[in-house]
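J.: My structure is in data-v4.cif, and what it holds is mmCIF, C-alpha atoms:
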data_upload
#
loop_
_atom_site.label_atom_id
_atom_site.label_comp_id
_atom_site.auth_asym_id
_atom_site.auth_seq_id
_atom_site.Cartn_x
_atom_site.Cartn_y
_atom_site.Cartn_z
CA MET A 262 37.29 45.13 -105.18
CA LYS A 263 39.16 46.16 -108.32
CA LYS A 264 35.95 46.03 -110.35
CA ILE A 265 34.23 48.28 -107.80
CA LEU A 266 37.11 50.73 -107.87
CA ASN A 267 37.04 51.02 -111.65
CA ARG A 268 34.31 53.69 -111.43
CA ALA A 269 34.94 55.95 -108.42
CA TRP A 270 36.23 55.71 -104.85
CA ALA A 271 37.32 57.79 -101.88
CA GLU A 272 40.78 57.24 -100.48
CA ILE A 273 40.99 57.73 -96.70
CA HIS A 274 44.59 58.35 -95.65
CA LEU A 275 44.91 57.11 -92.08
CA ASP A 276 48.48 58.37 -91.79
CA ARG A 277 47.22 61.90 -92.38
CA ALA A 278 44.45 61.43 -89.82
CA GLU A 279 47.00 60.26 -87.28
CA LYS A 280 49.25 63.26 -87.92
CA ASN A 281 46.32 65.68 -87.74
CA LEU A 282 45.29 64.38 -84.32
CA LEU A 283 48.83 64.69 -82.97
CA ILE A 284 49.05 68.30 -84.18
CA LEU A 285 45.68 69.22 -82.64
CA LYS A 286 46.43 67.51 -79.33
CA ALA A 287 49.62 69.57 -79.06
CA LEU A 288 47.55 72.77 -79.28
CA LEU A 289 45.42 71.90 -76.25
CA ASP A 290 46.11 72.77 -72.64
CA LYS A 291 47.09 69.83 -70.46
CA ALA A 292 43.86 70.33 -68.52
CA THR A 293 41.77 69.83 -71.67
CA LYS A 294 41.11 66.31 -72.92
CA PRO A 295 40.51 65.66 -76.64
CA VAL A 296 37.18 64.23 -77.76
CA CYS A 297 37.11 62.92 -81.32
CA VAL A 298 33.83 63.85 -83.00
CA ILE A 299 32.99 61.11 -85.48
CA LYS A 300 29.34 61.85 -86.18
CA ALA A 301 27.93 61.56 -89.72
CA ASP A 302 30.16 58.53 -90.39
CA ALA A 303 33.20 60.57 -89.28
CA TYR A 304 32.23 63.37 -91.65
CA GLY A 305 32.04 60.87 -94.49
CA HIS A 306 35.39 59.22 -93.74
CA GLY A 307 34.17 56.06 -91.98
CA ASP A 308 33.36 56.16 -88.27
CA ALA A 309 34.40 52.64 -87.23
CA GLU A 310 37.72 52.85 -89.02
CA LEU A 311 38.59 56.30 -87.66
CA MET A 312 37.42 55.32 -84.17
CA ARG A 313 39.77 52.34 -84.17
CA LEU A 314 42.67 54.53 -85.30
CA TYR A 315 42.03 57.19 -82.65
CA GLN A 316 41.47 54.54 -79.98
CA SER A 317 44.85 52.98 -80.84
CA MET A 318 46.34 56.45 -80.24
CA GLY A 319 44.94 56.61 -76.72
CA ILE A 320 41.69 58.48 -77.35
CA ASP A 321 38.98 57.24 -75.00
CA PHE A 322 36.22 59.79 -75.57
CA PHE A 323 34.11 60.12 -78.72
CA ALA A 324 31.09 62.18 -79.74
CA VAL A 325 28.30 61.39 -82.21
CA SER A 326 24.98 62.86 -83.27
CA ASN A 327 22.50 60.12 -82.41
CA LEU A 328 21.90 56.75 -80.81
CA ALA A 329 22.27 54.73 -84.02
CA GLU A 330 25.75 56.17 -84.54
CA ALA A 331 26.68 55.40 -80.94
CA VAL A 332 25.46 51.79 -81.14
CA LYS A 333 27.40 51.33 -84.37
CA LEU A 334 30.59 52.47 -82.64
CA ARG A 335 30.08 50.01 -79.79
CA ALA A 336 29.55 47.23 -82.33
CA GLY A 337 32.76 48.32 -84.06
CA GLY A 338 34.79 47.85 -80.90
CA CYS A 339 34.65 51.22 -79.16
CA THR A 340 35.52 50.80 -75.48
CA GLY A 341 35.73 54.50 -74.61
CA GLU A 342 33.12 57.04 -73.64
CA ILE A 343 30.52 58.01 -76.25
CA LEU A 344 28.55 61.24 -75.94
CA ILE A 345 25.43 61.81 -78.04
CA LEU A 346 25.49 65.54 -78.79
CA SER A 347 21.85 65.87 -79.88
CA TRP A 348 18.36 65.02 -78.70
CA SER A 349 17.27 61.38 -78.49
CA PRO A 350 13.64 60.29 -78.11
CA PRO A 351 13.07 59.55 -74.40
CA GLU A 352 11.14 56.32 -75.01
CA ARG A 353 11.84 53.22 -72.91
CA GLU A 354 13.59 51.39 -75.77
CA VAL A 355 15.99 54.30 -76.14
CA THR A 356 16.77 54.59 -72.45
CA GLU A 357 17.39 50.84 -72.27
CA ALA A 358 19.84 51.06 -75.16
CA LEU A 359 21.60 54.04 -73.57
CA HIS A 360 22.05 52.14 -70.33
CA ASN A 361 22.97 48.79 -71.86
CA GLN A 362 25.54 50.33 -74.21
CA ASN A 363 26.92 52.72 -71.55
CA ILE A 364 26.29 55.79 -73.69
CA ILE A 365 26.09 59.37 -72.40
CA GLN A 366 23.00 61.25 -73.56
CA THR A 367 22.64 65.01 -73.86
CA ALA A 368 19.66 66.51 -72.05
CA VAL A 369 18.55 69.45 -74.19
CA SER A 370 15.87 70.79 -71.84
CA ALA A 371 14.36 70.24 -68.42
CA GLU A 372 11.37 68.57 -70.09
CA HIS A 373 13.66 66.22 -72.01
CA ALA A 374 15.57 65.34 -68.84
CA ARG A 375 12.37 64.55 -66.93
CA ALA A 376 11.13 62.30 -69.73
CA LEU A 377 14.45 60.45 -69.83
CA SER A 378 14.28 59.96 -66.06
CA GLU A 379 10.67 58.77 -66.10
CA ASN A 380 11.30 56.24 -68.87
CA ALA A 381 14.59 54.89 -67.55
CA ALA A 382 14.45 51.65 -65.60
CA LYS A 383 18.12 52.05 -64.69
CA PRO A 384 20.36 55.10 -64.18
CA LEU A 385 21.41 57.04 -67.28
CA ARG A 386 24.51 59.17 -67.71
CA ILE A 387 23.83 62.64 -69.12
CA HIS A 388 25.46 65.92 -70.04
CA ILE A 389 23.28 69.03 -69.82
CA LYS A 390 23.28 71.37 -72.83
CA LEU A 391 23.13 75.14 -72.34
CA ASP A 392 22.13 77.55 -75.09
CA THR A 393 24.45 80.54 -74.75
CA GLY A 394 23.83 82.02 -78.17
CA MET A 395 23.59 79.26 -80.75
CA GLY A 396 19.80 79.40 -80.60
CA ARG A 397 19.45 75.73 -81.36
CA VAL A 398 18.91 73.42 -78.38
CA GLY A 399 19.70 73.67 -74.69
CA LEU A 400 18.58 75.42 -71.53
CA ASP A 401 18.37 79.19 -71.97
CA ALA A 402 21.47 80.57 -70.22
CA PHE A 403 20.64 84.20 -70.91
CA ASP A 404 18.43 84.31 -67.82
CA ARG A 405 20.76 82.91 -65.17
CA VAL A 406 18.35 82.40 -62.27
CA PRO A 407 15.73 80.20 -63.99
CA CYS A 408 18.50 78.43 -65.95
CA THR A 409 20.30 77.55 -62.72
CA LYS A 410 17.06 76.33 -61.13
CA GLU A 411 16.46 74.03 -64.10
CA ILE A 412 20.01 72.65 -63.94
CA LEU A 413 19.70 71.97 -60.21
CA ALA A 414 16.34 70.29 -60.75
CA ILE A 415 17.78 68.05 -63.48
CA ALA A 416 20.68 67.10 -61.21
CA LYS A 417 18.19 65.84 -58.60
CA LEU A 418 16.15 63.65 -60.96
CA ASN A 419 15.97 59.94 -60.26
CA ASN A 420 17.68 57.63 -62.76
CA LEU A 421 19.92 60.40 -64.13
CA SER A 422 23.57 61.04 -63.39
CA ALA A 423 24.48 64.54 -64.56
CA GLU A 424 28.19 64.10 -65.22
CA GLY A 425 28.74 67.04 -67.53
CA ILE A 426 27.49 70.36 -68.79
CA PHE A 427 28.38 72.06 -72.06
CA THR A 428 27.60 74.67 -74.67
CA HIS A 429 28.43 75.21 -78.33
CA PHE A 430 30.03 78.27 -79.92
CA ALA A 431 28.18 80.00 -82.73
CA ALA A 432 30.99 82.06 -84.26
CA ALA A 433 34.29 80.77 -82.88
CA ASP A 434 35.56 80.22 -86.42
CA SER A 435 35.82 83.96 -87.06
CA ALA A 436 38.65 86.32 -86.09
CA GLU A 437 36.37 89.37 -86.42
CA GLU A 438 36.39 91.43 -83.24
CA ALA A 439 32.60 91.43 -82.88
CA LYS A 440 32.39 87.67 -83.23
CA ARG A 441 35.30 87.10 -80.86
CA GLY A 442 33.35 89.21 -78.39
CA TYR A 443 30.27 87.08 -78.97
CA THR A 444 32.27 83.94 -78.18
CA SER A 445 33.58 85.54 -74.98
CA LYS A 446 30.01 86.42 -74.01
CA GLN A 447 29.00 82.78 -74.54
CA LYS A 448 31.70 81.72 -72.11
CA GLU A 449 30.51 84.28 -69.56
CA LEU A 450 26.94 83.02 -69.75
CA PHE A 451 28.11 79.42 -69.46
CA PHE A 452 30.22 79.97 -66.36
CA ALA A 453 27.66 82.25 -64.74
CA ALA A 454 25.30 79.25 -64.64
CA VAL A 455 27.96 76.64 -63.84
CA ASN A 456 29.50 78.67 -61.01
CA GLU A 457 26.09 79.36 -59.48
CA CYS A 458 25.34 75.62 -59.53
CA GLU A 459 28.63 74.93 -57.78
CA ARG A 460 27.77 77.49 -55.09
CA CYS A 461 24.56 75.52 -54.60
CA GLY A 462 26.50 72.30 -54.15
CA VAL A 463 26.13 70.81 -57.65
CA SER A 464 29.33 70.34 -59.65
CA PHE A 465 30.13 68.55 -62.87
CA LYS A 466 33.03 66.31 -63.80
CA GLU A 467 33.07 67.73 -67.33
CA ARG A 468 32.49 71.36 -68.30
CA HIS A 469 33.14 71.87 -71.98
CA PHE A 470 32.73 74.37 -74.79
CA THR A 471 35.86 74.04 -76.93
CA ASN A 472 35.19 72.83 -80.48
CA SER A 473 37.51 72.70 -83.51
CA ALA A 474 37.43 76.46 -84.04
CA GLY A 475 37.65 77.09 -80.32
CA ALA A 476 40.81 75.02 -80.10
CA LEU A 477 42.40 77.18 -82.81
CA LEU A 478 41.27 80.66 -81.76
CA HIS A 479 39.86 80.48 -78.22
CA LYS A 480 42.01 78.08 -76.22
CA ASP A 481 40.79 77.99 -72.61
CA ASP A 482 41.91 75.52 -69.95
CA ARG A 483 38.56 75.87 -68.17
CA SER A 484 37.08 73.58 -70.85
CA THR A 485 37.78 70.07 -69.60
CA LEU A 486 37.04 68.59 -73.04
CA ALA A 487 37.82 69.73 -76.56
CA ARG A 488 35.36 68.39 -79.13
CA LEU A 489 37.61 68.09 -82.19
CA GLY A 490 35.63 67.67 -85.41
CA ILE A 491 36.33 68.92 -88.90
CA THR A 492 39.97 69.80 -88.21
CA LEU A 493 40.68 66.11 -87.53
CA TYR A 494 39.97 65.55 -91.21
CA GLY A 495 42.24 68.38 -92.38
CA LEU A 496 39.52 70.86 -93.27
CA ALA A 497 38.81 74.32 -91.89
CA PRO A 498 35.78 75.25 -89.76
CA ASP A 499 35.47 78.24 -92.08
CA THR A 500 37.09 78.72 -95.49
CA GLU A 501 38.64 82.01 -94.32
CA LEU A 502 40.29 80.41 -91.29
CA SER A 503 43.92 79.31 -91.67
CA LEU A 504 44.70 75.84 -90.37
CA PRO A 505 47.76 74.96 -88.29
CA LYS A 506 50.80 74.01 -90.33
CA GLY A 507 50.91 70.32 -91.17
CA LEU A 508 47.20 69.53 -91.18
CA GLU A 509 46.23 67.68 -94.36
CA PRO A 510 42.89 66.64 -95.86
CA VAL A 511 42.31 62.97 -95.06
CA MET A 512 40.00 62.21 -98.00
CA ASP A 513 40.84 62.09 -101.70
CA PHE A 514 38.02 61.54 -104.21
CA LYS A 515 39.00 59.77 -107.42
CA ALA A 516 37.41 58.18 -110.49
CA ARG A 517 38.12 56.72 -113.93
CA ILE A 518 37.36 58.20 -117.34
CA SER A 519 34.50 56.37 -119.03
CA GLN A 520 34.83 57.87 -122.53
CA VAL A 521 36.91 60.35 -124.53
CA LYS A 522 35.24 61.96 -127.55
CA LEU A 523 35.18 64.93 -129.91
CA LEU A 524 32.65 67.70 -129.32
CA LEU A 525 32.28 69.78 -132.48
CA LYS A 526 31.90 73.54 -132.55
CA GLY A 527 28.28 74.57 -131.96
CA ARG A 528 27.29 71.37 -130.11
CA SER A 529 26.16 71.34 -126.49
CA ALA A 530 27.15 69.18 -123.54
CA GLY A 531 24.79 68.11 -120.76
CA TYR A 532 21.26 68.93 -119.66
CA GLY A 533 19.78 72.32 -120.41
CA MET A 534 22.37 73.27 -123.06
CA THR A 535 24.29 75.34 -120.49
CA TYR A 536 27.54 74.77 -122.38
CA THR A 537 28.04 75.07 -126.13
CA ALA A 538 31.43 74.51 -127.71
CA GLU A 539 32.89 77.63 -129.34
CA LYS A 540 35.38 75.45 -131.22
CA ASP A 541 36.07 71.75 -131.69
CA ILE A 542 37.18 70.30 -128.35
CA ILE A 543 38.02 66.94 -126.81
CA THR A 544 35.92 65.93 -123.84
CA ALA A 545 36.19 63.24 -121.21
CA THR A 546 33.18 61.80 -119.45
CA ILE A 547 33.57 60.87 -115.78
CA PRO A 548 31.10 58.41 -114.20
CA VAL A 549 30.51 60.57 -111.12
CA GLY A 550 27.60 62.88 -110.41
CA TYR A 551 25.54 64.43 -107.69
CA ALA A 552 24.25 61.01 -106.57
CA ASP A 553 27.87 60.29 -105.65
CA GLY A 554 28.11 63.54 -103.74
CA TYR A 555 29.71 65.74 -106.37
CA PRO A 556 27.53 68.87 -106.22
CA ARG A 557 25.51 70.00 -109.22
CA LEU A 558 26.27 73.57 -108.11
CA LEU A 559 29.81 73.09 -109.42
CA SER A 560 28.55 72.76 -112.99
CA ASN A 561 30.54 74.98 -115.37
CA LYS A 562 32.57 76.27 -112.39
CA ALA A 563 35.01 73.75 -111.00
CA HIS A 564 37.67 71.56 -112.54
CA VAL A 565 39.14 68.12 -111.97
CA LEU A 566 42.72 66.93 -112.35
CA ILE A 567 43.84 64.57 -115.12
CA ASN A 568 47.50 63.79 -115.76
CA GLY A 569 48.46 66.60 -113.41
CA LYS A 570 46.49 69.22 -115.37
CA LYS A 571 43.25 71.10 -114.74
CA ALA A 572 40.25 69.96 -116.76
CA PRO A 573 37.26 72.32 -116.46
CA ILE A 574 33.76 70.91 -116.01
CA ILE A 575 31.53 71.67 -118.99
CA GLY A 576 27.76 71.51 -118.82
CA ARG A 577 25.70 70.44 -115.86
CA VAL A 578 26.83 67.76 -113.47
CA CYS A 579 24.37 64.87 -113.96
CA MET A 580 23.18 62.36 -111.40
CA ASP A 581 25.80 59.78 -112.37
CA GLN A 582 28.15 61.49 -114.84
CA MET A 583 29.82 64.74 -115.84
CA MET A 584 31.94 66.02 -118.68
CA VAL A 585 35.23 67.92 -118.72
CA ASP A 586 37.32 69.64 -121.40
CA VAL A 587 40.63 67.82 -121.93
CA THR A 588 41.63 69.48 -125.20
CA ASP A 589 44.90 70.77 -123.80
CA ILE A 590 45.83 67.64 -121.86
CA GLU A 591 47.96 64.95 -123.47
CA SER A 592 47.42 61.17 -123.35
CA VAL A 593 43.86 61.21 -121.99
CA LYS A 594 42.35 57.75 -122.37
CA GLN A 595 39.34 55.72 -121.32
CA GLY A 596 40.07 54.28 -117.88
CA GLY A 597 42.48 57.08 -117.04
CA LEU A 598 42.68 58.41 -113.49
CA VAL A 599 40.70 61.49 -112.44
CA THR A 600 41.19 63.39 -109.19
CA LEU A 601 38.07 65.25 -108.06
CA ILE A 602 39.45 66.07 -104.60
CA GLY A 603 43.13 65.62 -103.88
CA LYS A 604 46.54 66.17 -105.46
CA ASP A 605 47.86 65.23 -108.90
CA GLY A 606 51.34 66.45 -109.79
CA ASP A 607 51.73 70.07 -108.71
CA GLU A 608 47.98 70.72 -108.71
CA ILE A 609 45.62 70.25 -105.79
CA ILE A 610 41.87 70.49 -105.25
CA THR A 611 40.52 70.61 -101.69
CA ALA A 612 37.00 70.29 -100.39
CA ASP A 613 37.42 73.73 -98.87
CA GLN A 614 38.23 75.21 -102.29
CA LEU A 615 35.17 73.64 -103.89
CA ALA A 616 33.02 74.73 -100.96
CA GLU A 617 34.13 78.33 -101.40
CA MET A 618 32.93 78.23 -105.02
CA MET A 619 29.52 77.16 -103.74
CA GLY A 620 29.32 79.59 -100.82
CA THR A 621 29.37 76.77 -98.29
CA ILE A 622 31.89 74.87 -96.11
CA GLY A 623 34.06 71.82 -96.65
CA TYR A 624 31.96 69.82 -94.18
CA GLU A 625 29.15 69.66 -96.73
CA LEU A 626 31.41 68.26 -99.44
CA VAL A 627 32.99 65.40 -97.49
CA CYS A 628 29.79 64.53 -95.62
CA GLY A 629 28.00 64.43 -98.97
CA VAL A 630 30.21 61.82 -100.64
CA SER A 631 27.58 59.12 -100.85
CA ALA A 632 27.59 55.55 -99.59
CA ARG A 633 27.78 54.17 -103.11
CA VAL A 634 31.32 55.55 -103.33
CA PRO A 635 33.47 52.90 -101.61
CA ARG A 636 36.06 54.02 -99.07
CA VAL A 637 39.57 52.66 -99.42
CA TYR A 638 41.74 52.95 -96.31
CA LEU A 639 45.41 53.68 -96.81
CA SER A 640 48.03 53.83 -94.07
#
Rewrite the structure from the file as C-alpha cells, please.

T.:
Amino acid sequence: MKKILNRAWAEIHLDRAEKNLLILKALLDKATKPVCVIKADAYGHGDAELMRLYQSMGIDFFAVSNLAEAVKLRAGGCTGEILILSWSPPEREVTEALHNQNIIQTAVSAEHARALSENAAKPLRIHIKLDTGMGRVGLDAFDRVPCTKEILAIAKLNNLSAEGIFTHFAAADSAEEAKRGYTSKQKELFFAAVNECERCGVSFKERHFTNSAGALLHKDDRSTLARLGITLYGLAPDTELSLPKGLEPVMDFKARISQVKLLLKGRSAGYGMTYTAEKDIITATIPVGYADGYPRLLSNKAHVLINGKKAPIIGRVCMDQMMVDVTDIESVKQGGLVTLIGKDGDEIITADQLAEMMGTIGYELVCGVSARVPRVYLS
C-alpha cells in the first residue's frame, strides 16, 4: 500500500462523514426520513464504505443511479432499502435482478411501467417519477388530469407494487425569489396529482421531493423522505449556497512531488507554451493530471498547497503530471507532500472553490477523481 500511496491518493475522512450526517438529520422534520444518496460511487468517496458507515448509524434507506450500483451495495452488505433513481432497461434479466435483490425501481413513464410489468415474472417494487419542472424524466405533471390517469393506471398493473411517488427540484439550491417560487410551483404540481390519486383511492407509502438543497432551504414535513446527496460529503449544492455550520468536506486529495528543478527565464513549462518564465524560478512536478481527475481547465489558474503555502499551477495540466511554482516556498523536496484538495497549515482548498474557478459545481470535481487514485479511509 505504501508504494501505491507514494504517487497520489484520496483520503476519505469517515469521522467527518458521520458528523455531516448527524448535522443534516437534525435539520429534518421528524416526519421526514433521511435517504443517503450514494450513487456514482458515493460521489467518488466509495459507496460500499460509506453505506456501511451510514448503516451503522441507523440509516436503512439508500438511493443510487442504476442497477449495477444497487447490486454492488447488496454485495457489500446493504440490508436496507435501495431505490434506483433513474431508468433501468425493462428486460427480463433486469426485472429478475430487481426482484431477487429486493431493489425498488423508478418508473419514469407509463410506457416504462407497462414494460416492467410485462417482463416481470414476480412482483416488483416501484416509485413513480413525476416531472414537475426538471424536464428530464417522469410523468408530465403540468397537465393534472392525464397525469393522474397514468398514475392510476400504473398502480393497477400486474406485477408492480407502487409504493412511492416523487419528483425532483430544478432550482432548490437558489435563494432567488423567482427560483424559490419555481420550487413552490413544483410542490403544487406534485401534490395536485398525488391528492387527486388519493381521492381516487390510490395512496402511496412514500411521497418525496426533498433533496440536499431542499433540506437546507425548503424544509417541508409533507416529504416523507429526504434524499441527502452532496451535502453528506460536505459540499454545497451550489457554490453560492452557504452550508450549515459544522459540515466539512469528506475527501482530501493528496500527492507527492516527483521532481524539483530550475526553470530559467524565457523557458516554457508544459504543452502549448502557455506559460513562460519571466525570471528564473523553482518548479515542482506533481504526478497528477486530468486522468486522475484533476481538471485541465485549472491550468494556469489554481494552486496547490506545499508546506502550508500556495504554489500556483504553471502551464497546462497534463494527463499524468502538472507543474507548480515553488520559488517562494522553503524546503521543497522530491517526495514532499502536496495537497490538491484539503487543508495544509492555515491554507485550505475545497472542491467548491476549484469548481467556482471552472464555472461548475463541486460534484464534478469529487465525482471525477478517477479510479486509479486509491481511496484511503480514515476514522

J.: Rounded to one decimal in Å, what is the spacing between atom CA of A:Val585 and atom CA of A:Val565?

T.: 7.8 Å

J.: Determine, counting all atoms listed in the file, every residue of protein, DNA or RNA that lies within 12 Å of (36.6, 66.8, -99.3) in the file coordinates, then give the result as a PyMOL selection string.

T.: chain A and resi 271-273+304-306+491-492+494-497+509-515+554-556+600-604+609-617+622-631

J.: Could you tell me which residues the PyMOL selection byres ((chain A and resi 416) around 12) grabs in this file, written as a PDB file with C-alpha atoms, keeping the file's coordinate frame?

T.:
ATOM      1  CA  ALA A 368      19.660  66.510 -72.050  1.00  0.00           C
ATOM      2  CA  ALA A 371      14.360  70.240 -68.420  1.00  0.00           C
ATOM      3  CA  ALA A 374      15.570  65.340 -68.840  1.00  0.00           C
ATOM      4  CA  ARG A 375      12.370  64.550 -66.930  1.00  0.00           C
ATOM      5  CA  SER A 378      14.280  59.960 -66.060  1.00  0.00           C
ATOM      6  CA  LEU A 385      21.410  57.040 -67.280  1.00  0.00           C
ATOM      7  CA  ARG A 386      24.510  59.170 -67.710  1.00  0.00           C
ATOM      8  CA  ILE A 387      23.830  62.640 -69.120  1.00  0.00           C
ATOM      9  CA  HIS A 388      25.460  65.920 -70.040  1.00  0.00           C
ATOM     10  CA  ILE A 389      23.280  69.030 -69.820  1.00  0.00           C
ATOM     11  CA  THR A 409      20.300  77.550 -62.720  1.00  0.00           C
ATOM     12  CA  LYS A 410      17.060  76.330 -61.130  1.00  0.00           C
ATOM     13  CA  GLU A 411      16.460  74.030 -64.100  1.00  0.00           C
ATOM     14  CA  ILE A 412      20.010  72.650 -63.940  1.00  0.00           C
ATOM     15  CA  LEU A 413      19.700  71.970 -60.210  1.00  0.00           C
ATOM     16  CA  ALA A 414      16.340  70.290 -60.750  1.00  0.00           C
ATOM     17  CA  ILE A 415      17.780  68.050 -63.480  1.00  0.00           C
ATOM     18  CA  LYS A 417      18.190  65.840 -58.600  1.00  0.00           C
ATOM     19  CA  LEU A 418      16.150  63.650 -60.960  1.00  0.00           C
ATOM     20  CA  ASN A 419      15.970  59.940 -60.260  1.00  0.00           C
ATOM     21  CA  ASN A 420      17.680  57.630 -62.760  1.00  0.00           C
ATOM     22  CA  LEU A 421      19.920  60.400 -64.130  1.00  0.00           C
ATOM     23  CA  SER A 422      23.570  61.040 -63.390  1.00  0.00           C
ATOM     24  CA  ALA A 423      24.480  64.540 -64.560  1.00  0.00           C
ATOM     25  CA  GLU A 424      28.190  64.100 -65.220  1.00  0.00           C
ATOM     26  CA  GLY A 425      28.740  67.040 -67.530  1.00  0.00           C
ATOM     27  CA  ILE A 426      27.490  70.360 -68.790  1.00  0.00           C
ATOM     28  CA  CYS A 458      25.340  75.620 -59.530  1.00  0.00           C
ATOM     29  CA  GLU A 459      28.630  74.930 -57.780  1.00  0.00           C
ATOM     30  CA  CYS A 461      24.560  75.520 -54.600  1.00  0.00           C
ATOM     31  CA  GLY A 462      26.500  72.300 -54.150  1.00  0.00           C
ATOM     32  CA  VAL A 463      26.130  70.810 -57.650  1.00  0.00           C
ATOM     33  CA  SER A 464      29.330  70.340 -59.650  1.00  0.00           C
ATOM     34  CA  PHE A 465      30.130  68.550 -62.870  1.00  0.00           C
TER      35      PHE A 465
END

J.: List, as a PyMOL selection string, every residue that the PyMOL selection byres ((chain A and resi 490) around 8) selects in the file provided.

T.: chain A and resi 297-299+472-473+488-489+491-494

J.: Counting all atoms listed in the file, find the residues whose atoms lie at most 9 Å from (35.2, 66.1, -123.3) (file coordinates) and write them out as a PDB file with C-alpha atoms, in the coordinates of the input.

T.:
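The result, stored in part10.pdb:
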ATOM      1  CA  GLN A 520      34.830  57.870-122.530  1.00  0.00           C
ATOM      2  CA  VAL A 521      36.910  60.350-124.530  1.00  0.00           C
ATOM      3  CA  LYS A 522      35.240  61.960-127.550  1.00  0.00           C
ATOM      4  CA  LEU A 523      35.180  64.930-129.910  1.00  0.00           C
ATOM      5  CA  LEU A 524      32.650  67.700-129.320  1.00  0.00           C
ATOM      6  CA  ALA A 530      27.150  69.180-123.540  1.00  0.00           C
ATOM      7  CA  ILE A 542      37.180  70.300-128.350  1.00  0.00           C
ATOM      8  CA  ILE A 543      38.020  66.940-126.810  1.00  0.00           C
ATOM      9  CA  THR A 544      35.920  65.930-123.840  1.00  0.00           C
ATOM     10  CA  ALA A 545      36.190  63.240-121.210  1.00  0.00           C
ATOM     11  CA  THR A 546      33.180  61.800-119.450  1.00  0.00           C
ATOM     12  CA  ILE A 574      33.760  70.910-116.010  1.00  0.00           C
ATOM     13  CA  ILE A 575      31.530  71.670-118.990  1.00  0.00           C
ATOM     14  CA  MET A 584      31.940  66.020-118.680  1.00  0.00           C
ATOM     15  CA  VAL A 585      35.230  67.920-118.720  1.00  0.00           C
ATOM     16  CA  ASP A 586      37.320  69.640-121.400  1.00  0.00           C
ATOM     17  CA  VAL A 587      40.630  67.820-121.930  1.00  0.00           C
ATOM     18  CA  THR A 588      41.630  69.480-125.200  1.00  0.00           C
TER      19      THR A 588
END

J.: Between A:Leu391, A:Leu288, A:Ala487, A:Cys408, which residue has the minimum interatomic distance to A:Gln447, considering only C-alpha atoms?

T.: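 Between A:Leu391, A:Leu288, A:Ala487, A:Cys408, the residue approaching A:Gln447 most closely is A:Leu391.
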
J.: What box, with edges along x, y and z, holds each listed atom of stretch 397-409 of chain A when 5 Å is added on every side, and can you state its centre and edge lengths in Å to one decimal, as lines of an AutoDock Vina configuration file?

T.:
center_x = 18.6
center_y = 78.9
center_z = -71.8
size_x = 15.7
size_y = 20.9
size_z = 29.1

J.: Given the file shown, enumerate the residues that the PyMOL selection byres ((chain A and resi 335-348) around 9) captures and present them as a compact mmCIF listing (two decimals) with C-alpha atoms, in the coordinates of the input.

T.:
# COMPACT_ATOMS: atom_id res chain seq x y z
CA ASP A 308 33.36 56.16 -88.27
CA ALA A 309 34.40 52.64 -87.23
CA GLU A 310 37.72 52.85 -89.02
CA MET A 312 37.42 55.32 -84.17
CA ARG A 313 39.77 52.34 -84.17
CA GLN A 316 41.47 54.54 -79.98
CA ILE A 320 41.69 58.48 -77.35
CA ASP A 321 38.98 57.24 -75.00
CA PHE A 322 36.22 59.79 -75.57
CA PHE A 323 34.11 60.12 -78.72
CA ALA A 324 31.09 62.18 -79.74
CA VAL A 325 28.30 61.39 -82.21
CA SER A 326 24.98 62.86 -83.27
CA ASN A 327 22.50 60.12 -82.41
CA LEU A 328 21.90 56.75 -80.81
CA GLU A 330 25.75 56.17 -84.54
CA ALA A 331 26.68 55.40 -80.94
CA VAL A 332 25.46 51.79 -81.14
CA LYS A 333 27.40 51.33 -84.37
CA LEU A 334 30.59 52.47 -82.64
CA SER A 349 17.27 61.38 -78.49
CA PRO A 350 13.64 60.29 -78.11
CA PRO A 351 13.07 59.55 -74.40
CA GLN A 362 25.54 50.33 -74.21
CA ASN A 363 26.92 52.72 -71.55
CA ILE A 364 26.29 55.79 -73.69
CA ILE A 365 26.09 59.37 -72.40
CA GLN A 366 23.00 61.25 -73.56
CA THR A 367 22.64 65.01 -73.86
CA ALA A 368 19.66 66.51 -72.05
CA VAL A 369 18.55 69.45 -74.19
CA HIS A 373 13.66 66.22 -72.01
CA ILE A 387 23.83 62.64 -69.12
CA HIS A 388 25.46 65.92 -70.04
CA LYS A 390 23.28 71.37 -72.83
CA VAL A 398 18.91 73.42 -78.38

J.: Do a neighbour search on A:Leu598 at 8 Å with only C-alpha atoms, toss out local chain neighbours closer than 3 positions, and write the hits as a list in words.

T.: Lys515, Ala516, Arg517, Ile518, Ile567 and Asn568 of chain A

J.: So what do you get for atom CA of A:Gln582 versus atom CA of A:His274, distance-wise?

T.: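 Atom-to-atom, atom CA of A:Gln582 to atom CA of A:His274, that is 25.5 Å.
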
J.: Just stretch 270-274 of chain A, please, as a PDB file, in the first residue's frame (only N, CA, C and O atoms).

T.:
ATOM      1  N   TRP A 270      -3.261   9.940  -3.783  1.00  0.00           N
ATOM      2  CA  TRP A 270      -4.332   9.207  -3.121  1.00  0.00           C
ATOM      3  C   TRP A 270      -5.402  10.196  -2.649  1.00  0.00           C
ATOM      4  O   TRP A 270      -5.156  11.395  -2.536  1.00  0.00           O
ATOM      5  N   ALA A 271      -6.572   9.656  -2.370  1.00  0.00           N
ATOM      6  CA  ALA A 271      -7.663  10.460  -1.806  1.00  0.00           C
ATOM      7  C   ALA A 271      -7.958   9.945  -0.409  1.00  0.00           C
ATOM      8  O   ALA A 271      -8.202   8.748  -0.217  1.00  0.00           O
ATOM      9  N   GLU A 272      -7.899  10.831   0.542  1.00  0.00           N
ATOM     10  CA  GLU A 272      -8.220  10.477   1.924  1.00  0.00           C
ATOM     11  C   GLU A 272      -9.706  10.720   2.167  1.00  0.00           C
ATOM     12  O   GLU A 272     -10.206  11.824   1.941  1.00  0.00           O
ATOM     13  N   ILE A 273     -10.411   9.692   2.628  1.00  0.00           N
ATOM     14  CA  ILE A 273     -11.836   9.794   2.926  1.00  0.00           C
ATOM     15  C   ILE A 273     -11.988   9.760   4.447  1.00  0.00           C
ATOM     16  O   ILE A 273     -11.708   8.752   5.091  1.00  0.00           O
ATOM     17  N   HIS A 274     -12.410  10.865   5.006  1.00  0.00           N
ATOM     18  CA  HIS A 274     -12.487  11.017   6.462  1.00  0.00           C
ATOM     19  C   HIS A 274     -13.878  10.601   6.945  1.00  0.00           C
ATOM     20  O   HIS A 274     -14.835  11.378   6.877  1.00  0.00           O
TER      21      HIS A 274
END
